[in-house]
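Q: Handing you a structure now.
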Amino acid sequence: MSQNNNAPVSPMEVGEHNESYNELVWRRFRRSTPAIVGGLMVLALTIMAIFADFFSPTPNNKINLEQAFIPPQTIHFIDKDGKFHLQPFVYNYVNTMDPTTFQITWTEDQETMYPLRFFQKGWEYKILGFIPANIHLFTVDEGATVYLLGTDKMGRDLWGKACEAGRISLSMSLFGTIISIALGSVLGVTSGYYGGGIDNAMQRFTEFVNAFPQLPLWMTLAALIPKTMDSFSVFVVMSIIFAMLSWTTLAREVRGKVLSMRETDFVLAAKEMGASDARIIFRHLYPNTLSHVIVILTLTIPQVILAEAFLSFLGIGIQEPLISWGLMMRNAQDIQILGQTQWIFSPVLFIVVAVLGFNFLGDGLRDAADPYATF
């Protein structure tokens, strides 16, 4: 019986057979809705952090005690008479003091509407620290204010400060995680490749470091930072502290992957051709662990964000003039203030979005890194 070699082949089958590994990873990644959402959340936070001054209608460091603890202002489209306006607007807040409790209450003065004006000139700032600019996403006319998240005890805009705080929280977590990933992956590859006494010594050291409870040790090391140290040095030291205590898990995982690859044909062939140990480690073995390393990178960043926020909340992390989400949360330590001005707790929303975004993104990358698995 003759075999029919002219049977039609679907374009999907042809495309799948011709796709490269990166194309397969991307196709699998974009099928994951949570991963795409997580990536967009991380991208949005990054853009707001880099261009924080653009998103802030008022100077981030402007102190005005007369406007302390103003609640978040509502963006309106319908005025007090029920008329709809295409252009959003705000009302100014006026305060009254209770003569008995001396508590200040802020209410909207609905006599005058102040429309939001987009992409208008305002206070001057520098993009990335050296490009002068004065355009802002939204502003209001002089004499009015627009505080999306309210103000703190110094009268500073919490929205602008939260966007600016993302620079330290995100950059510190990324910087510390990169150091941790570099250290853990290199030690893991080296340990798995050599085996024997070298592997045994490295693994005992890894277990020794991993035996310490991370949070108390973080607190101890952070508390030892001198108060006289400048802001940049504090940033670097805090990043190194996070890195030195979070590399052990990755080292063990990478070691396991290398143990399964070191006797494969391509490694044995490289040895027979006279390749040095360094070339085999960094040219052949290390690249084959990168997909796993990238996944661990995205999953470690939220852990560092939470650790930094916790330490800064306790007062042993980031210090002014630097600003981070955790440092902003220190204003919520006073139960009385928190009970009367709940919006002071709003920076926690940025922490939640960052943690969820990186976790969603990491889960999607973890699934996409093995595109040959069953969908």
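Chain labels A, B, ... are given in the sequence in which chains occur in the structure tokens; within each chain residues are numbered consecutively from 1, and ligands are likewise numbered from 1 in the order shown.
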Can you pull out every residue within 12 Å of Leu217 (chain A), counting only C-alpha atoms, but drop anything in the same chain fewer than 5 positions away, and send it as a list in words?
A: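 Here the answer would be Val209, Asn210, Ala211, Phe212, Ala222, Ala223, Leu224, Ile241, Phe242, Met244, Leu245, Ser246, Ala307 and Leu311 of chain A.
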Q: List the spatial neighbours of region 104-113 of chain A as an MDAnalysis selection string - criterion: any atom at most 9 Å away, only C-alpha atoms, same-chain residues fewer than 2 positions off excluded.
A: chainID A and resid 70:71 73 79:80 89:98 101:102 115
Q: Keeping only C-alpha atoms, write the selected residues as a PDB file, in the first residue's frame.
A:
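Writing done, so here's selection-v2.pdb:
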ATOM      1  CA  ILE A  70      -5.763  67.065  54.183  1.00  0.00           C
ATOM      2  CA  PRO A  71      -7.837  64.037  53.112  1.00  0.00           C
ATOM      3  CA  GLN A  73      -9.527  65.191  47.182  1.00  0.00           C
ATOM      4  CA  ASP A  79     -21.162  69.736  40.105  1.00  0.00           C
ATOM      5  CA  LYS A  80     -23.368  70.525  43.072  1.00  0.00           C
ATOM      6  CA  PHE A  89     -12.548  69.310  38.400  1.00  0.00           C
ATOM      7  CA  VAL A  90     -11.927  69.536  42.133  1.00  0.00           C
ATOM      8  CA  TYR A  91     -13.162  71.643  45.014  1.00  0.00           C
ATOM      9  CA  ASN A  92     -10.838  73.210  47.517  1.00  0.00           C
ATOM     10  CA  TYR A  93     -10.969  71.979  51.103  1.00  0.00           C
ATOM     11  CA  VAL A  94     -11.634  74.277  54.057  1.00  0.00           C
ATOM     12  CA  ASN A  95     -11.101  73.288  57.670  1.00  0.00           C
ATOM     13  CA  THR A  96     -13.146  73.766  60.800  1.00  0.00           C
ATOM     14  CA  MET A  97     -12.106  72.974  64.359  1.00  0.00           C
ATOM     15  CA  ASP A  98     -14.342  71.336  66.919  1.00  0.00           C
ATOM     16  CA  THR A 101     -12.269  68.044  70.916  1.00  0.00           C
ATOM     17  CA  PHE A 102     -10.029  70.463  68.952  1.00  0.00           C
ATOM     18  CA  PRO A 115     -10.750  72.219  36.507  1.00  0.00           C
TER      19      PRO A 115
END
Q: Quote the spacing between CA of Leu43 (chain A) and CA of Ser56 (chain A) in Å to one decimal place.
A: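 If I compute the distance from CA of Leu43 (chain A) to CA of Ser56 (chain A), I get 18.0 Å.
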Q: With region 118-123 of chain A as the partner and 12 Å as the cut-off, tabulate the residues of region 140-200 of chain A that qualify, each row holding the nearest pair of atoms and their distance in Å to one decimal, using only C-alpha atoms, sorted by chain and rising number, as JSON lines.
A:
{"residue": "A:Val140", "atom": "CA", "partner": "A:Phe118", "partner_atom": "CA", "distance": 8.8}
{"residue": "A:Asp141", "atom": "CA", "partner": "A:Gly122", "partner_atom": "CA", "distance": 10.1}
{"residue": "A:Glu142", "atom": "CA", "partner": "A:Gly122", "partner_atom": "CA", "distance": 10.2}
Q: How about saving the chosen residues, N, CA and C atoms kept, as a short mmCIF file (atom, residue, chain, number, x, y, z; two decimals), in the first residue's frame?
A:
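Generated file (out-v4.cif):
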data_model
loop_
_atom_site.label_atom_id
_atom_site.label_comp_id
_atom_site.auth_asym_id
_atom_site.auth_seq_id
_atom_site.Cartn_x
_atom_site.Cartn_y
_atom_site.Cartn_z
N VAL A 140 -3.70 72.31 38.56
CA VAL A 140 -4.89 73.13 38.76
C VAL A 140 -4.46 74.59 38.81
N ASP A 141 -5.43 75.47 38.69
CA ASP A 141 -5.13 76.90 38.71
C ASP A 141 -4.56 77.31 40.06
N GLU A 142 -3.83 78.42 40.04
CA GLU A 142 -3.23 78.93 41.27
C GLU A 142 -4.30 79.24 42.30
#
Q: May I ask for the distance between CA of Leu128 (chain A) and CA of Ala182 (chain A), given in Å to one decimal place?
A: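 Result for CA of Leu128 (chain A) versus CA of Ala182 (chain A): 26.6 Å, one decimal.
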Q: Figure out the distance between CA of Glu263 (chain A) and CA of Arg283 (chain A), please, to one decimal in Å.
A: 15.6 Å
Q: Write out as a compact mmCIF listing (two decimals) with N, CA and C atoms, in the first residue's frame each polymer residue whose atoms come within 10 Å of region 159-162 of chain A, counting only C-alpha atoms; drop sequence neighbours fewer than 5 positions from it.
A:
# COMPACT_ATOMS: atom_id res chain seq x y z
N MET A 48 6.09 55.44 36.94
CA MET A 48 5.74 56.46 37.94
C MET A 48 6.94 56.82 38.81
N ALA A 49 7.82 55.85 39.08
CA ALA A 49 9.00 56.13 39.89
C ALA A 49 10.00 56.98 39.12
N ALA A 52 8.43 60.58 38.50
CA ALA A 52 7.60 60.96 39.65
C ALA A 52 7.27 62.44 39.64
N ASP A 53 8.21 63.30 39.27
CA ASP A 53 7.96 64.73 39.25
C ASP A 53 6.91 65.10 38.20
N PHE A 54 6.91 64.38 37.08
CA PHE A 54 5.92 64.63 36.03
C PHE A 54 4.51 64.31 36.53
N PHE A 55 4.38 63.27 37.35
CA PHE A 55 3.06 62.86 37.83
C PHE A 55 2.61 63.66 39.05
N SER A 56 3.49 64.46 39.63
CA SER A 56 3.14 65.21 40.84
C SER A 56 2.80 66.65 40.50
N PRO A 57 1.61 67.12 40.85
CA PRO A 57 1.23 68.51 40.54
C PRO A 57 1.88 69.54 41.46
N THR A 58 2.42 69.09 42.60
CA THR A 58 3.06 70.00 43.55
C THR A 58 4.46 69.47 43.87
N PRO A 59 5.41 70.35 44.22
CA PRO A 59 6.76 69.88 44.58
C PRO A 59 6.71 68.84 45.69
N ASN A 60 7.44 67.75 45.51
CA ASN A 60 7.37 66.64 46.46
C ASN A 60 7.89 67.00 47.84
N ASN A 61 8.82 67.94 47.93
CA ASN A 61 9.43 68.29 49.21
C ASN A 61 8.90 69.62 49.77
N PRO A 72 -7.77 62.86 50.96
CA PRO A 72 -7.73 62.79 49.50
C PRO A 72 -8.86 63.59 48.86
N VAL A 146 -4.71 69.87 44.47
CA VAL A 146 -5.26 68.57 44.10
C VAL A 146 -4.35 67.51 44.72
N TYR A 147 -4.84 66.89 45.79
CA TYR A 147 -4.10 65.86 46.51
C TYR A 147 -4.86 64.55 46.36
N LEU A 148 -4.39 63.69 45.45
CA LEU A 148 -5.11 62.45 45.16
C LEU A 148 -5.12 61.51 46.35
N LEU A 149 -4.05 61.50 47.14
CA LEU A 149 -3.97 60.63 48.31
C LEU A 149 -3.91 61.41 49.61
N GLY A 150 -4.18 62.71 49.56
CA GLY A 150 -4.12 63.53 50.75
C GLY A 150 -2.70 64.00 51.05
N THR A 151 -2.52 64.56 52.23
CA THR A 151 -1.21 65.08 52.64
C THR A 151 -0.79 64.45 53.97
N ASP A 152 0.51 64.57 54.28
CA ASP A 152 1.02 64.05 55.54
C ASP A 152 1.08 65.16 56.57
N ARG A 167 11.35 55.04 43.62
CA ARG A 167 12.72 55.03 43.10
C ARG A 167 13.64 54.25 44.03
N ILE A 323 13.72 58.58 50.57
CA ILE A 323 12.33 58.27 50.85
C ILE A 323 11.99 56.94 50.20
N SER A 324 11.34 56.08 50.96
CA SER A 324 10.89 54.79 50.43
C SER A 324 9.47 54.55 50.93
N TRP A 325 8.82 53.54 50.36
CA TRP A 325 7.46 53.22 50.80
C TRP A 325 7.44 52.83 52.28
N MET A 328 7.69 55.95 54.43
CA MET A 328 6.42 56.67 54.47
C MET A 328 5.43 56.03 55.43
N SER A 346 -2.00 55.00 52.85
CA SER A 346 -2.13 54.75 51.41
C SER A 346 -0.86 54.22 50.74
N PRO A 347 0.37 54.56 51.18
CA PRO A 347 1.55 53.99 50.50
C PRO A 347 1.59 52.47 50.52
N VAL A 348 0.85 51.83 51.42
CA VAL A 348 0.84 50.37 51.44
C VAL A 348 0.25 49.82 50.14
N LEU A 349 -0.59 50.61 49.46
CA LEU A 349 -1.15 50.16 48.19
C LEU A 349 -0.06 49.96 47.15
N PHE A 350 0.95 50.85 47.16
CA PHE A 350 2.05 50.71 46.22
C PHE A 350 2.85 49.44 46.52
N ILE A 351 3.03 49.13 47.79
CA ILE A 351 3.76 47.91 48.17
C ILE A 351 2.98 46.69 47.72
Q: Which polymer residues have any atom within 6 Å of an atom of region 154-157 of chain A, counting only C-alpha atoms, with same-chain residues fewer than 6 positions away left out, as a CSV table (one decimal) with C-alpha atoms, in the first residue's frame?
A:
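Done, and the output landed in around-v3.csv:
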chain,number,residue,atom,x,y,z
A,63,ILE,CA,6.3,71.8,53.3
A,64,ASN,CA,3.1,73.7,54.2
A,65,LEU,CA,1.9,73.0,57.7
A,67,GLN,CA,-2.3,72.0,54.7
A,68,ALA,CA,-1.3,69.1,57.0
A,147,TYR,CA,-4.1,65.9,46.5
Q: Write out as a list in words all residues of region 30-60 of chain A that backbone DSSP assigns to alpha helix (DSSP H).
A: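 Across region 30-60 of chain A, those assigned alpha helix (DSSP H) are Arg30, Thr33, Pro34, Ala35, Ile36, Val37, Gly38, Gly39, Leu40, Met41, Val42, Leu43, Ala44, Leu45, Thr46, Ile47, Met48, Ala49, Ile50, Ala52, Asp53, Phe54 and Phe55 of chain A.
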Q: I need the strand (DSSP E) residues of region 111-207 of chain A per DSSP on the backbone, written as a list in words.
A: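 Output for region 111-207 of chain A, strand (DSSP E) only: Glu111, Thr112, Met113, Tyr114, Pro115, Arg117, Phe118, Phe119, Gln120, Lys121, Gly122, Trp123, Glu124, Tyr125, Lys126, Ile127, Ile131, Pro132, Ala133, Asn134, Ile135, His136, Leu137, Phe138 and Thr139 of chain A.
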Q: Those selected residues, please, written with C-alpha atoms and delivered as a PDB file, in the first residue's frame.
A:
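File again-v4.pdb, as written:
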ATOM      1  CA  GLU A 111     -18.689  77.471  45.643  1.00  0.00           C
ATOM      2  CA  THR A 112     -15.775  77.387  43.192  1.00  0.00           C
ATOM      3  CA  MET A 113     -14.776  74.634  40.751  1.00  0.00           C
ATOM      4  CA  TYR A 114     -11.157  74.209  39.754  1.00  0.00           C
ATOM      5  CA  PRO A 115     -10.750  72.219  36.507  1.00  0.00           C
ATOM      6  CA  ARG A 117      -5.518  70.921  33.269  1.00  0.00           C
ATOM      7  CA  PHE A 118      -3.446  68.224  31.621  1.00  0.00           C
ATOM      8  CA  PHE A 119       0.103  68.504  30.282  1.00  0.00           C
ATOM      9  CA  GLN A 120       0.506  72.062  31.518  1.00  0.00           C
ATOM     10  CA  LYS A 121       3.586  73.933  32.747  1.00  0.00           C
ATOM     11  CA  GLY A 122       4.213  73.934  36.478  1.00  0.00           C
ATOM     12  CA  TRP A 123       7.073  73.800  38.923  1.00  0.00           C
ATOM     13  CA  GLU A 124      10.462  73.008  37.410  1.00  0.00           C
ATOM     14  CA  TYR A 125      12.235  69.676  37.877  1.00  0.00           C
ATOM     15  CA  LYS A 126      14.877  67.524  36.189  1.00  0.00           C
ATOM     16  CA  ILE A 127      14.172  64.212  34.466  1.00  0.00           C
ATOM     17  CA  ILE A 131      17.130  66.997  31.911  1.00  0.00           C
ATOM     18  CA  PRO A 132      15.270  70.226  32.832  1.00  0.00           C
ATOM     19  CA  ALA A 133      11.485  70.118  32.443  1.00  0.00           C
ATOM     20  CA  ASN A 134       8.343  71.777  33.789  1.00  0.00           C
ATOM     21  CA  ILE A 135       5.469  69.844  32.172  1.00  0.00           C
ATOM     22  CA  HIS A 136       3.152  67.904  34.492  1.00  0.00           C
ATOM     23  CA  LEU A 137       0.467  65.322  33.819  1.00  0.00           C
ATOM     24  CA  PHE A 138      -2.181  67.405  35.583  1.00  0.00           C
ATOM     25  CA  THR A 139      -2.310  70.719  37.416  1.00  0.00           C
TER      26      THR A 139
END
Q: Hey, which of A:Val267, A:Gly315, A:Ser171, A:Asp277 ends up closest to Asn331 (chain A)? Count only C-alpha atoms.
A: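 With only C-alpha atoms as the atom set, the closest residue is A:Gly315.
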Q: Any idea what's packed within 8 Å of region 233-235 of chain A, counting only C-alpha atoms, ignoring anything in its chain fewer than 6 positions away? Could you give it as a ChimeraX atom specification?
A: /A:172,225,318
